[in-house]
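**Student:** Once you've had a glance at the structure underneath, I'll fire off some questions.
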Amino acid sequence: MDPFSRDAHVTASYPVGVRLQEADGEGENRRWTVHLDDGAAVEAVLYRGDSLCVSSQVGCAVGCPFCASGANGLTRPLTLEEMVGQVDAVRALGHAVTRVTVSGVGEPLHTRATLPFLEHCRQQRIKPSLTTSGGPLERLREAIHAPHNGLTVSVHAGTEPARSRAVPRGPALGPLFEVLEEELPKLSRSRLRKIALAYLILDRVNDGDDELDAFARRARPLGVWTHLYAYNPVPTSAHRGVSRERYERAYERLGAAGLRVRMSCKARVEPNGGCGTLIASARLVDRDRSRVQ
Ligand code: SF4
């Protein structure tokens with residue numbers, strides 16, 4: 001059987017090839033460096049005590065300039081066992097993981113293990129979701145109909161120039177929205193509620209009124225929620241977020257344009273494991289072996 005097929009089952013005992021090292025940090029999130037057998041490392045974060053954000057690649061090829069995860073490019077995708085191992089290792093510490101989101105280091109649709117991983121989570125009665133920049137588009141089509149509990153497409157722009165700046169190696173807005181316009185009407189109303197768009201607002205990149213209006217024109221016909229994300233500063237990026245006032249005005253503008261919009265939740269803006277802050281390392285960083293679990 002193809003180990004990456006949707007029907008693949010994980011038969012090895014867990015955790016496999018995964019060791020956790022808890023990171024220092026304040027706040028309610030728990031963040032771990034996930035050490036892999038070949039010396040590479042990624043990160044995983046537990047939100048609210050039961051929702052685990054896992055990584056799908058060591059690094060990322062998409063190169064979003066606001067994100068620390070892809071700052072050094074892509075080293076390799078994770079295997080199915082390494083993705084499952086993150087969940088099982090955190091569960092082995094006594095945490096009742098009931099939700100998993102593939103929103104950590106890496107572009108989930110660049111990893112063949114992601115869709116089998118969603119299936120595995122469902123078999124384990126864990127609700128899985130994912131966040132993707134949208135490509136490859138054929139895999140996005142498949143993922144939309146996969147047994148997930150939520151799929152968020154990171155758009156971050158209303159025009160193609162802003163899209164190329166914010167998501168440099170993701171699909172362009174034209175073909176991305178063509179796929180969404182074709183696939184979303186095939187979903188039931190309850191499944192459509194599981195789909196969302198994300199717009200991370202950055203100073204002088206995509207915060208202009210024209211840009212927001214252009215995004216609203218594309219997004220409104222889809223009838224899905226938009227998550228308006230605030231930026232979490234990372235040392236690898238010179239980009240800046242916008243003021244709270246500007247953020248709230250953008251929220252109101254998108255709402256007035258007919259979109260259903262949600263703001264960033266507290267867990268996603270915490271410095272300890274907030275969106276875009278997770279890192280990958282191609283080599284083992286063994287800071288303190290006594291804390292490796
Ligand atoms: S935001 Fe996601 S797709 Fe973009 S570089 Fe970071 S991990 Fe990759």
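So you can find residues: chains in the structure tokens are A, B, ... in the order shown, residues in each start at 1, and ligands are numbered from 1 in order.
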Among stretch 64-132 of chain A, which ones does DSSP place in alpha helix (DSSP H), written as a CSV table (one decimal) with C-alpha atoms, in the first residue's frame?
**Tutor:**
chain,number,residue,atom,x,y,z
A,80,LEU,CA,3.3,10.7,8.5
A,81,GLU,CA,5.0,9.0,11.5
A,82,GLU,CA,6.6,12.3,12.5
A,83,MET,CA,3.4,14.2,12.3
A,84,VAL,CA,1.5,11.6,14.3
A,85,GLY,CA,4.5,11.4,16.7
A,86,GLN,CA,4.0,15.1,17.6
A,87,VAL,CA,0.5,14.3,18.8
A,88,ASP,CA,1.3,11.1,20.6
A,89,ALA,CA,4.3,12.6,22.3
A,90,VAL,CA,2.3,15.5,23.7
A,91,ARG,CA,-0.5,13.1,24.7
A,92,ALA,CA,2.1,11.0,26.4
A,114,THR,CA,-0.9,15.7,5.5
A,115,LEU,CA,-4.1,14.2,4.1
A,116,PRO,CA,-3.4,10.7,5.6
A,117,PHE,CA,-2.6,12.5,8.8
A,118,LEU,CA,-6.1,14.2,8.8
A,119,GLU,CA,-7.6,10.7,8.3
A,120,HIS,CA,-5.5,9.3,11.2
A,121,CYS,CA,-6.7,12.1,13.5
A,122,ARG,CA,-10.3,11.3,12.7
A,123,GLN,CA,-9.8,7.7,13.4
**Student:** Enumerate as a ChimeraX atom specification the residues within 7 Å of ligand 1, counting only C-alpha atoms and all ligand atoms.
**Tutor:** /A:60-64,67-70,104-107,132-133,167,276
**Student:** Out of A:Gln21, A:Thr101, A:Ser188, A:Thr159, which residue has the shortest atom-to-atom distance to A:Arg218 when counting only C-alpha atoms?
**Tutor:**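 Looking at the shortest contact to A:Arg218, the residue is A:Thr159.
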**Student:** Between A:Arg76, A:Lys194, A:Ala219, A:Ala157, which is the closest to A:Leu180 once you count only C-alpha atoms?
**Tutor:** A:Ala219
**Student:** Give me, please, the distance in Å between atom CA of A:Leu173 and atom CA of A:Val205, quoted to one decimal.
**Tutor:**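 Value for the atom CA of A:Leu173-atom CA of A:Val205 distance: 15.5 Å.
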**Student:** Which residues are close to A:Glu182, i.e. within 12 Å by only C-alpha atoms, leaving aside same-chain residues fewer than 2 positions away? Reply as a VMD selection string.
**Tutor:** chain A and resid 137 to 138 140 to 141 144 175 to 180 184 to 187 221 to 222
**Student:** Please dump the current selection as a compact mmCIF listing (two decimals), in the first residue's frame; keep N, CA and C atoms.
**Tutor:**
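Ended up saving to selection_12.txt:
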# COMPACT_ATOMS: atom_id res chain seq x y z
N LEU A 137 -2.63 23.69 -6.34
CA LEU A 137 -4.07 23.88 -6.41
C LEU A 137 -4.83 22.56 -6.50
N GLU A 138 -4.25 21.55 -7.18
CA GLU A 138 -4.96 20.26 -7.25
C GLU A 138 -5.05 19.63 -5.88
N LEU A 140 -5.18 21.38 -3.12
CA LEU A 140 -6.17 22.18 -2.40
C LEU A 140 -7.57 21.66 -2.69
N ARG A 141 -7.83 21.33 -3.96
CA ARG A 141 -9.16 20.77 -4.31
C ARG A 141 -9.44 19.53 -3.46
N ILE A 144 -10.01 20.38 0.35
CA ILE A 144 -11.30 20.99 0.66
C ILE A 144 -12.32 19.91 0.99
N PRO A 175 -5.99 32.20 -10.02
CA PRO A 175 -6.25 30.76 -10.02
C PRO A 175 -6.70 30.23 -8.66
N LEU A 176 -6.23 30.84 -7.57
CA LEU A 176 -6.65 30.38 -6.24
C LEU A 176 -8.16 30.57 -6.06
N PHE A 177 -8.65 31.75 -6.39
CA PHE A 177 -10.09 31.98 -6.22
C PHE A 177 -10.92 31.21 -7.25
N GLU A 178 -10.32 30.92 -8.41
CA GLU A 178 -11.05 30.06 -9.37
C GLU A 178 -11.33 28.69 -8.75
N VAL A 179 -10.32 28.13 -8.09
CA VAL A 179 -10.52 26.82 -7.44
C VAL A 179 -11.57 26.94 -6.33
N LEU A 180 -11.46 27.98 -5.52
CA LEU A 180 -12.44 28.13 -4.43
C LEU A 180 -13.85 28.31 -4.99
N LEU A 184 -16.12 25.25 -3.59
CA LEU A 184 -16.94 25.51 -2.40
C LEU A 184 -18.44 25.31 -2.64
N PRO A 185 -18.96 25.64 -3.83
CA PRO A 185 -20.40 25.38 -4.03
C PRO A 185 -20.77 23.90 -3.98
N LYS A 186 -19.77 23.01 -4.07
CA LYS A 186 -20.07 21.57 -3.99
C LYS A 186 -20.26 21.12 -2.55
N LEU A 187 -19.91 21.97 -1.58
CA LEU A 187 -19.98 21.58 -0.17
C LEU A 187 -21.38 21.80 0.39
N PRO A 221 -18.36 36.69 -2.42
CA PRO A 221 -19.21 35.69 -3.08
C PRO A 221 -19.03 34.27 -2.52
N LEU A 222 -17.91 34.02 -1.84
CA LEU A 222 -17.67 32.66 -1.34
C LEU A 222 -18.53 32.35 -0.11
**Student:** So how many Å separate atom CA of A:Thr226 and atom CA of A:Ala250, to one decimal?
**Tutor:**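 Separation between atom CA of A:Thr226 and atom CA of A:Ala250: 11.9 Å.
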**Student:** When distances are computed from only C-alpha atoms, which of A:Asn72, A:His148, A:Ala282, A:Arg139 shows the smallest separation from A:Val100?
**Tutor:** A:His148
**Student:** Between atom CA of A:Gly27 and atom CA of A:Trp225, what distance in Å does the model show, to one decimal?
**Tutor:** 27.4 Å
**Student:** Among stretch 124-235 of chain A, which ones does DSSP assign to strand (DSSP E) (computed from the backbone)? Answer as a ChimeraX atom specification.
**Tutor:** /A:127-132,151-154,195-200,225-229
**Student:** Using the selection just defined, write its residues with N, CA and C atoms as a CSV table (one decimal), in the first residue's frame.
**Tutor:**
chain,number,residue,atom,x,y,z
A,127,LYS,N,-10.3,16.1,16.3
A,127,LYS,CA,-10.7,17.0,15.2
A,127,LYS,C,-9.6,17.7,14.6
A,128,PRO,N,-9.3,17.4,13.3
A,128,PRO,CA,-8.1,18.0,12.6
A,128,PRO,C,-8.5,19.2,11.7
A,129,SER,N,-7.7,20.2,11.7
A,129,SER,CA,-7.8,21.3,10.8
A,129,SER,C,-6.5,21.6,10.2
A,130,LEU,N,-6.5,22.5,9.2
A,130,LEU,CA,-5.2,22.9,8.6
A,130,LEU,C,-5.3,24.3,8.1
A,131,THR,N,-4.1,24.9,7.9
A,131,THR,CA,-4.0,26.3,7.3
A,131,THR,C,-3.1,26.2,6.2
A,132,THR,N,-3.5,26.7,5.0
A,132,THR,CA,-2.7,26.5,3.8
A,132,THR,C,-2.6,27.8,3.0
A,151,LEU,N,-10.6,24.2,7.4
A,151,LEU,CA,-9.5,24.5,6.4
A,151,LEU,C,-9.5,26.0,6.2
A,152,THR,N,-8.3,26.6,6.5
A,152,THR,CA,-8.2,28.1,6.4
A,152,THR,C,-7.2,28.4,5.3
A,153,VAL,N,-7.6,29.2,4.3
A,153,VAL,CA,-6.7,29.5,3.2
A,153,VAL,C,-6.1,30.9,3.5
A,154,SER,N,-4.8,31.0,3.6
A,154,SER,CA,-4.1,32.2,3.8
A,154,SER,C,-4.1,33.0,2.5
A,195,ILE,N,-14.8,26.1,6.2
A,195,ILE,CA,-13.8,26.8,5.3
A,195,ILE,C,-13.7,28.3,5.8
A,196,ALA,N,-12.5,28.8,5.8
A,196,ALA,CA,-12.3,30.2,6.1
A,196,ALA,C,-11.1,30.7,5.3
A,197,LEU,N,-11.1,32.1,5.2
A,197,LEU,CA,-9.9,32.7,4.6
A,197,LEU,C,-9.2,33.5,5.7
A,198,ALA,N,-7.9,33.7,5.5
A,198,ALA,CA,-7.1,34.4,6.5
A,198,ALA,C,-6.5,35.7,5.8
A,199,TYR,N,-6.5,36.8,6.5
A,199,TYR,CA,-5.9,38.0,6.1
A,199,TYR,C,-5.0,38.5,7.2
A,200,LEU,N,-3.7,38.4,7.1
A,200,LEU,CA,-2.8,38.9,8.1
A,200,LEU,C,-2.4,40.3,7.6
A,225,TRP,N,-16.2,32.6,6.3
A,225,TRP,CA,-15.6,33.5,7.3
A,225,TRP,C,-14.2,34.0,6.9
A,226,THR,N,-13.8,35.2,7.4
A,226,THR,CA,-12.5,35.7,7.2
A,226,THR,C,-11.9,35.9,8.6
A,227,HIS,N,-10.7,35.3,8.8
A,227,HIS,CA,-9.9,35.6,10.0
A,227,HIS,C,-9.0,36.8,9.7
A,228,LEU,N,-9.1,37.9,10.4
A,228,LEU,CA,-8.2,39.0,10.3
A,228,LEU,C,-7.2,38.9,11.4
A,229,TYR,N,-6.0,38.5,10.9
A,229,TYR,CA,-4.9,38.3,11.9
A,229,TYR,C,-4.0,39.5,12.1
**Student:** Please identify all polymer residues within 10 Å of A:Arg204, counting only C-alpha atoms, omitting same-chain residues fewer than 3 positions from it, and present them as a list in words.
**Tutor:**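 Non-adjacent residues within range: Ala162, Ile201, Asp207, Gly208, His239, Arg240, Gly241 and Val242 of chain A.
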**Student:** Selection from above, N, CA and C atoms, as a PDB file, in the first residue's frame, can you write it?
**Tutor:**
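File out.pdb, as written:
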ATOM      1  N   ALA A 162       0.208  42.632  -4.168  1.00  0.00           N
ATOM      2  CA  ALA A 162       0.300  42.435  -2.718  1.00  0.00           C
ATOM      3  C   ALA A 162       0.395  40.951  -2.375  1.00  0.00           C
ATOM      4  N   ILE A 201      -2.738  41.292   8.465  1.00  0.00           N
ATOM      5  CA  ILE A 201      -2.596  42.680   8.024  1.00  0.00           C
ATOM      6  C   ILE A 201      -1.226  43.229   8.421  1.00  0.00           C
ATOM      7  N   ASP A 207      -2.400  46.849   3.971  1.00  0.00           N
ATOM      8  CA  ASP A 207      -3.308  47.509   4.919  1.00  0.00           C
ATOM      9  C   ASP A 207      -4.076  48.681   4.299  1.00  0.00           C
ATOM     10  N   GLY A 208      -3.863  48.944   3.027  1.00  0.00           N
ATOM     11  CA  GLY A 208      -4.564  50.058   2.394  1.00  0.00           C
ATOM     12  C   GLY A 208      -6.044  49.743   2.166  1.00  0.00           C
ATOM     13  N   HIS A 239       9.179  43.364   8.609  1.00  0.00           N
ATOM     14  CA  HIS A 239       7.807  43.871   8.475  1.00  0.00           C
ATOM     15  C   HIS A 239       7.253  44.272   9.831  1.00  0.00           C
ATOM     16  N   ARG A 240       6.214  45.093   9.759  1.00  0.00           N
ATOM     17  CA  ARG A 240       5.569  45.558  10.985  1.00  0.00           C
ATOM     18  C   ARG A 240       4.069  45.348  10.876  1.00  0.00           C
ATOM     19  N   GLY A 241       3.464  45.191  12.034  1.00  0.00           N
ATOM     20  CA  GLY A 241       2.015  45.157  12.058  1.00  0.00           C
ATOM     21  C   GLY A 241       1.448  46.566  12.015  1.00  0.00           C
ATOM     22  N   VAL A 242       0.143  46.672  12.150  1.00  0.00           N
ATOM     23  CA  VAL A 242      -0.502  47.992  12.161  1.00  0.00           C
ATOM     24  C   VAL A 242      -0.955  48.298  13.582  1.00  0.00           C
TER      25      VAL A 242
END
**Student:** Can you list, as a ChimeraX atom specification, every protein, DNA or RNA residue that comes within 9 Å of stretch 42-53 of chain A when you count only C-alpha atoms, leaving out same-chain residues fewer than 3 positions away?
**Tutor:** /A:20,28-36,56-59,69,86-87,90,95-105,267-268,272-274,278-282
